[in-house]
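Single-structure report; data block below.
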Amino acid sequence: MRKQIVVGNWKLNGSRALCEEFALGLGKFLSRESIVGELAICPPAVYIDSLSSAMVINEVNVAVGAQNVAAQEKGAFTGEMSAAMIKEAGGSYAIVGHSERRAMFGDTDELVATKAAQVVAAGITPIICVGEELAVREAGNHLEFVGQQVSAALSQAQSATLIVAYEPVWAIGTGNTANAAQVQEMHEHIRKVASASVNAELTPILYGGSVNPSNAAELLGLPDVDGALVGGASLELEKFIAIAKR
Ligand code: PEP
């Protein structure tokens, strides 16, 4: 059985107060409701330690992760944060290859593969993001494009345990969610391509791109969708809870 997981990506948002609010609020919610599999939150790096400590102190079963990771293990790389450091701070996951990092911070397919391998080597789980720009989809090349991203990102994976997140760039932060047919078609394709490198039947494939409480149930109910990567809606406790609720 593949696990289901809903992951919040806070991006460059949040505060200590939001970490406290989520730890307490999710604790209360989880004590009385059942959810879609597991939950995780990826706050800005500086809050990984305090958010994971707050989860532990309040006995809340919600994992914490990073939004990015260094491609190196250690050394003279000012401003970077290694996968081992993320793990030591209480992180269980690290997002790699988010489209914002690919577009604004030079994360190439090769770098994404190296980062994912660093995360695996540290004993935590990479959440590898892939997804096409609108022009690629309009030209009808989306399956080929995303398939290549997946092959490249998994090129150093060697049967590792990992998560893939399909996030069409045109759906991120726009309110334009991909429709059920588009999502299912792509997830099935990603699973096929991933099977060359990992046990794809056991690899969760998340959908991300304007997931909200109104569209979550339909998307999470698709056969090859194993959860969601949620940006904007993960900053509001009520919305995050509504997405995760079974
Ligand atoms: C994201 O940035 O990973 C994301 C899916 O954002 P949003 O949910 O806001 O579209």
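Ordering of the structure tokens sets the chain letters (A, B, ...), residue numbers begin anew at 1 in every chain, and ligands are numbered from 1 in the order given.
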- Task: Pick out the residues no farther than 6 Å from ligand 1, counting only C-alpha atoms and all ligand atoms, and list them as a ChimeraX atom specification.
- Result: /A:9,171-173,208-211,229-232
Any chance you could list, as a compact mmCIF listing (two decimals) with all heavy atoms, in the first residue's frame, the residues in segment 62-155 of chain A that come up helix (DSSP H, G or I) when DSSP is run on the backbone?
```txt
# COMPACT_ATOMS: atom_id res chain seq x y z
N ALA A 83 21.38 18.24 4.22
CA ALA A 83 20.29 17.32 4.54
C ALA A 83 20.45 16.78 5.96
O ALA A 83 19.47 16.61 6.69
CB ALA A 83 20.27 16.19 3.53
N ALA A 84 21.70 16.52 6.37
CA ALA A 84 21.92 16.02 7.74
C ALA A 84 21.50 17.06 8.77
O ALA A 84 20.98 16.71 9.84
CB ALA A 84 23.39 15.65 7.91
N MET A 85 21.72 18.34 8.47
CA MET A 85 21.30 19.42 9.40
C MET A 85 19.78 19.48 9.51
O MET A 85 19.22 19.69 10.58
CB MET A 85 21.85 20.77 8.93
CG MET A 85 23.35 20.89 9.05
SD MET A 85 23.90 22.35 8.14
CE MET A 85 25.67 22.10 8.19
N ILE A 86 19.13 19.30 8.36
CA ILE A 86 17.65 19.30 8.36
C ILE A 86 17.16 18.16 9.25
O ILE A 86 16.27 18.34 10.09
CB ILE A 86 17.12 19.13 6.92
CG1 ILE A 86 17.46 20.37 6.08
CG2 ILE A 86 15.62 18.86 6.91
CD1 ILE A 86 17.29 20.19 4.59
N LYS A 87 17.79 17.00 9.09
CA LYS A 87 17.38 15.85 9.90
C LYS A 87 17.62 16.12 11.38
O LYS A 87 16.76 15.85 12.23
CB LYS A 87 18.17 14.62 9.44
CG LYS A 87 17.73 13.34 10.14
CD LYS A 87 18.55 12.17 9.64
CE LYS A 87 18.07 10.88 10.29
NZ LYS A 87 18.94 9.76 9.93
N GLU A 88 18.78 16.68 11.69
CA GLU A 88 19.11 16.95 13.10
C GLU A 88 18.14 17.97 13.72
O GLU A 88 17.83 17.91 14.91
CB GLU A 88 20.55 17.45 13.23
CG GLU A 88 21.04 17.42 14.67
CD GLU A 88 22.51 17.76 14.82
OE1 GLU A 88 23.07 18.44 13.93
OE2 GLU A 88 23.08 17.36 15.84
N SER A 99 9.30 24.52 -8.53
CA SER A 99 9.41 25.34 -9.76
C SER A 99 9.93 26.75 -9.46
O SER A 99 10.57 27.36 -10.31
CB SER A 99 8.07 25.41 -10.47
OG SER A 99 7.14 26.11 -9.69
N GLU A 100 9.65 27.26 -8.25
CA GLU A 100 10.17 28.59 -7.93
C GLU A 100 11.70 28.56 -7.81
O GLU A 100 12.38 29.51 -8.18
CB GLU A 100 9.51 29.11 -6.64
CG GLU A 100 8.06 29.52 -6.90
CD GLU A 100 7.14 29.42 -5.71
OE1 GLU A 100 7.61 29.31 -4.56
OE2 GLU A 100 5.91 29.44 -5.93
N ARG A 101 12.23 27.46 -7.31
CA ARG A 101 13.69 27.32 -7.22
C ARG A 101 14.27 27.09 -8.62
O ARG A 101 15.34 27.60 -8.95
CB ARG A 101 14.08 26.21 -6.26
CG ARG A 101 13.66 26.50 -4.83
CD ARG A 101 14.68 26.08 -3.83
NE ARG A 101 15.98 26.61 -4.09
CZ ARG A 101 16.47 27.74 -3.55
NH1 ARG A 101 15.76 28.48 -2.72
NH2 ARG A 101 17.70 28.13 -3.83
N ARG A 102 13.56 26.32 -9.43
CA ARG A 102 14.07 26.10 -10.79
C ARG A 102 14.09 27.41 -11.56
O ARG A 102 15.03 27.72 -12.28
CB ARG A 102 13.18 25.08 -11.53
CG ARG A 102 13.29 23.64 -11.00
CD ARG A 102 12.33 22.75 -11.77
NE ARG A 102 12.20 21.41 -11.24
CZ ARG A 102 12.82 20.32 -11.73
NH1 ARG A 102 13.62 20.43 -12.76
NH2 ARG A 102 12.61 19.14 -11.19
N ALA A 103 13.01 28.23 -11.39
CA ALA A 103 12.89 29.46 -12.18
C ALA A 103 13.76 30.60 -11.64
O ALA A 103 14.29 31.39 -12.41
CB ALA A 103 11.43 29.90 -12.21
N MET A 104 13.90 30.67 -10.30
CA MET A 104 14.54 31.87 -9.74
C MET A 104 15.92 31.62 -9.14
O MET A 104 16.66 32.55 -8.88
CB MET A 104 13.65 32.47 -8.65
CG MET A 104 12.36 33.04 -9.20
SD MET A 104 11.39 33.84 -7.92
CE MET A 104 10.35 32.52 -7.38
N ASP A 109 17.90 20.30 -13.63
CA ASP A 109 17.57 18.88 -13.44
C ASP A 109 18.73 18.15 -12.75
O ASP A 109 18.52 17.31 -11.89
CB ASP A 109 17.30 18.20 -14.79
CG ASP A 109 15.88 18.48 -15.29
OD1 ASP A 109 15.03 18.89 -14.49
OD2 ASP A 109 15.65 18.28 -16.49
N GLU A 110 19.95 18.49 -13.17
CA GLU A 110 21.13 17.81 -12.62
C GLU A 110 21.29 18.13 -11.12
O GLU A 110 21.54 17.26 -10.30
CB GLU A 110 22.35 18.28 -13.40
CG GLU A 110 23.55 17.40 -13.21
CD GLU A 110 24.80 17.99 -13.86
OE1 GLU A 110 24.72 19.07 -14.50
OE2 GLU A 110 25.85 17.36 -13.70
N LEU A 111 21.10 19.41 -10.80
CA LEU A 111 21.21 19.84 -9.40
C LEU A 111 20.11 19.18 -8.55
O LEU A 111 20.34 18.76 -7.41
CB LEU A 111 21.08 21.37 -9.34
CG LEU A 111 21.67 22.10 -8.14
CD1 LEU A 111 23.13 21.73 -7.93
CD2 LEU A 111 21.54 23.61 -8.36
N VAL A 112 18.92 19.10 -9.12
CA VAL A 112 17.80 18.48 -8.41
C VAL A 112 18.13 17.01 -8.10
O VAL A 112 17.90 16.53 -6.98
CB VAL A 112 16.50 18.59 -9.25
CG1 VAL A 112 15.37 17.77 -8.64
CG2 VAL A 112 16.07 20.06 -9.36
N ALA A 113 18.73 16.31 -9.06
CA ALA A 113 19.11 14.91 -8.84
C ALA A 113 20.15 14.79 -7.73
O ALA A 113 20.07 13.92 -6.86
CB ALA A 113 19.66 14.31 -10.13
N THR A 114 21.10 15.70 -7.73
CA THR A 114 22.16 15.67 -6.70
C THR A 114 21.59 16.00 -5.33
O THR A 114 21.92 15.35 -4.33
CB THR A 114 23.28 16.68 -7.07
OG1 THR A 114 23.72 16.38 -8.38
CG2 THR A 114 24.44 16.62 -6.11
N LYS A 115 20.70 16.99 -5.27
CA LYS A 115 20.07 17.35 -4.00
C LYS A 115 19.24 16.18 -3.47
O LYS A 115 19.28 15.85 -2.28
CB LYS A 115 19.20 18.60 -4.16
CG LYS A 115 20.01 19.88 -4.35
CD LYS A 115 19.08 21.09 -4.45
CE LYS A 115 19.91 22.38 -4.51
NZ LYS A 115 19.07 23.58 -4.32
N ALA A 116 18.49 15.55 -4.36
CA ALA A 116 17.65 14.42 -3.94
C ALA A 116 18.54 13.31 -3.37
O ALA A 116 18.22 12.70 -2.34
CB ALA A 116 16.82 13.91 -5.10
N ALA A 117 19.68 13.07 -4.02
CA ALA A 117 20.59 12.01 -3.55
C ALA A 117 21.17 12.37 -2.17
O ALA A 117 21.34 11.51 -1.31
CB ALA A 117 21.71 11.81 -4.57
N GLN A 118 21.45 13.66 -1.95
CA GLN A 118 21.94 14.10 -0.63
C GLN A 118 20.90 13.83 0.45
O GLN A 118 21.22 13.40 1.56
CB GLN A 118 22.24 15.61 -0.65
CG GLN A 118 23.52 16.00 -1.34
CD GLN A 118 24.76 15.60 -0.53
OE1 GLN A 118 24.73 15.45 0.67
NE2 GLN A 118 25.86 15.42 -1.23
N VAL A 119 19.66 14.10 0.13
CA VAL A 119 18.56 13.91 1.09
C VAL A 119 18.43 12.42 1.44
O VAL A 119 18.34 12.04 2.61
CB VAL A 119 17.23 14.48 0.53
CG1 VAL A 119 16.08 14.19 1.48
CG2 VAL A 119 17.36 15.97 0.28
N VAL A 120 18.47 11.59 0.40
CA VAL A 120 18.37 10.14 0.62
C VAL A 120 19.55 9.66 1.47
O VAL A 120 19.37 8.89 2.42
CB VAL A 120 18.32 9.40 -0.74
CG1 VAL A 120 18.45 7.89 -0.54
CG2 VAL A 120 17.04 9.73 -1.49
N ALA A 121 20.76 10.15 1.15
CA ALA A 121 21.96 9.71 1.88
C ALA A 121 21.87 10.08 3.36
O ALA A 121 22.41 9.38 4.22
CB ALA A 121 23.21 10.32 1.25
N LEU A 134 2.92 26.47 -18.96
CA LEU A 134 1.71 26.44 -19.78
C LEU A 134 2.04 26.24 -21.27
O LEU A 134 1.37 25.47 -21.97
CB LEU A 134 0.92 27.74 -19.58
CG LEU A 134 -0.45 27.78 -20.25
CD1 LEU A 134 -1.33 26.64 -19.77
CD2 LEU A 134 -1.14 29.12 -19.99
N ALA A 135 3.10 26.92 -21.74
CA ALA A 135 3.44 26.83 -23.17
C ALA A 135 3.77 25.40 -23.57
O ALA A 135 3.46 24.97 -24.69
CB ALA A 135 4.62 27.75 -23.48
N VAL A 136 4.39 24.66 -22.66
CA VAL A 136 4.75 23.27 -22.95
C VAL A 136 3.48 22.43 -23.09
O VAL A 136 3.34 21.62 -24.01
CB VAL A 136 5.68 22.71 -21.84
CG1 VAL A 136 5.94 21.22 -22.05
CG2 VAL A 136 6.99 23.47 -21.80
N ARG A 137 2.53 22.66 -22.18
CA ARG A 137 1.26 21.91 -22.26
C ARG A 137 0.50 22.30 -23.54
O ARG A 137 -0.02 21.44 -24.25
CB ARG A 137 0.40 22.16 -21.02
CG ARG A 137 -0.93 21.42 -21.07
CD ARG A 137 -1.63 21.36 -19.74
NE ARG A 137 -1.08 20.34 -18.86
CZ ARG A 137 -1.48 19.08 -18.82
NH1 ARG A 137 -2.43 18.63 -19.64
NH2 ARG A 137 -0.93 18.22 -17.98
N GLU A 138 0.47 23.60 -23.83
CA GLU A 138 -0.28 24.04 -25.01
C GLU A 138 0.32 23.48 -26.31
O GLU A 138 -0.38 23.25 -27.28
CB GLU A 138 -0.35 25.57 -25.05
CG GLU A 138 -1.39 26.06 -24.04
CD GLU A 138 -1.46 27.58 -23.92
OE1 GLU A 138 -0.56 28.28 -24.42
OE2 GLU A 138 -2.42 28.06 -23.31
N HIS A 142 3.69 18.09 -22.79
CA HIS A 142 3.79 18.02 -21.32
C HIS A 142 4.23 16.64 -20.81
O HIS A 142 5.02 16.56 -19.87
CB HIS A 142 2.47 18.44 -20.66
CG HIS A 142 1.25 17.86 -21.30
ND1 HIS A 142 0.82 18.26 -22.54
CD2 HIS A 142 0.40 16.89 -20.88
CE1 HIS A 142 -0.27 17.57 -22.86
NE2 HIS A 142 -0.54 16.74 -21.87
N LEU A 143 3.74 15.57 -21.43
CA LEU A 143 4.10 14.23 -20.92
C LEU A 143 5.60 13.98 -21.12
O LEU A 143 6.30 13.53 -20.21
CB LEU A 143 3.27 13.15 -21.62
CG LEU A 143 1.77 13.16 -21.30
CD1 LEU A 143 1.05 12.09 -22.10
CD2 LEU A 143 1.49 12.98 -19.81
N GLU A 144 6.07 14.33 -22.30
CA GLU A 144 7.49 14.12 -22.60
C GLU A 144 8.36 14.99 -21.68
O GLU A 144 9.34 14.52 -21.10
CB GLU A 144 7.73 14.49 -24.06
CG GLU A 144 9.09 14.08 -24.54
CD GLU A 144 9.40 14.68 -25.92
OE1 GLU A 144 8.47 15.20 -26.57
OE2 GLU A 144 10.56 14.63 -26.30
N PHE A 145 7.97 16.24 -21.50
CA PHE A 145 8.77 17.18 -20.70
C PHE A 145 8.86 16.71 -19.25
O PHE A 145 9.95 16.62 -18.67
CB PHE A 145 8.11 18.58 -20.78
CG PHE A 145 8.84 19.63 -19.99
CD1 PHE A 145 9.89 20.35 -20.55
CD2 PHE A 145 8.48 19.90 -18.67
CE1 PHE A 145 10.57 21.32 -19.82
CE2 PHE A 145 9.16 20.86 -17.93
CZ PHE A 145 10.20 21.57 -18.51
N VAL A 146 7.71 16.39 -18.67
CA VAL A 146 7.70 15.98 -17.26
C VAL A 146 8.38 14.62 -17.10
O VAL A 146 9.12 14.38 -16.13
CB VAL A 146 6.26 15.98 -16.69
CG1 VAL A 146 6.21 15.37 -15.30
CG2 VAL A 146 5.71 17.40 -16.66
N GLY A 147 8.19 13.75 -18.09
CA GLY A 147 8.87 12.44 -18.05
C GLY A 147 10.37 12.62 -18.00
O GLY A 147 11.07 11.93 -17.23
N GLN A 148 10.88 13.57 -18.76
CA GLN A 148 12.34 13.82 -18.75
C GLN A 148 12.79 14.38 -17.40
O GLN A 148 13.85 14.03 -16.89
CB GLN A 148 12.73 14.78 -19.88
CG GLN A 148 12.89 14.03 -21.20
CD GLN A 148 13.04 14.97 -22.39
OE1 GLN A 148 13.15 16.19 -22.24
NE2 GLN A 148 13.04 14.41 -23.58
N GLN A 149 11.97 15.27 -16.83
CA GLN A 149 12.32 15.81 -15.50
C GLN A 149 12.40 14.67 -14.48
O GLN A 149 13.29 14.64 -13.64
CB GLN A 149 11.26 16.82 -15.03
CG GLN A 149 11.36 18.19 -15.68
CD GLN A 149 10.35 19.14 -15.04
OE1 GLN A 149 9.22 18.76 -14.72
NE2 GLN A 149 10.75 20.39 -14.87
N VAL A 150 11.44 13.76 -14.56
CA VAL A 150 11.40 12.65 -13.60
C VAL A 150 12.63 11.76 -13.79
O VAL A 150 13.33 11.43 -12.82
CB VAL A 150 10.10 11.83 -13.75
CG1 VAL A 150 10.13 10.56 -12.91
CG2 VAL A 150 8.89 12.68 -13.38
N SER A 151 12.92 11.38 -15.02
CA SER A 151 14.10 10.52 -15.28
C SER A 151 15.36 11.18 -14.77
O SER A 151 16.20 10.53 -14.14
CB SER A 151 14.30 10.27 -16.77
OG SER A 151 13.18 9.70 -17.31
N ALA A 152 15.50 12.48 -15.04
CA ALA A 152 16.71 13.19 -14.61
C ALA A 152 16.79 13.25 -13.09
O ALA A 152 17.83 12.98 -12.49
CB ALA A 152 16.72 14.60 -15.20
N ALA A 153 15.68 13.58 -12.45
CA ALA A 153 15.69 13.74 -10.99
C ALA A 153 15.96 12.42 -10.28
O ALA A 153 16.54 12.39 -9.20
CB ALA A 153 14.36 14.32 -10.52
```
- Query: Per DSSP on the backbone, what are the strand (DSSP E or B) residues of segment 45-240 of chain A, as a ChimeraX atom specification?
  - Reply: /A:63-66,93-96,125-130,163-166,205-208,227-230
- Straight-line distance linking atom CA of Ala157 of chain A with atom CA of Ser197 of chain A, stated in Å to one decimal: 6.5 Å
- Taken to one decimal, the atom CA of Lys239 of chain A-atom CA of Glu185 of chain A distance is 26.8 Å
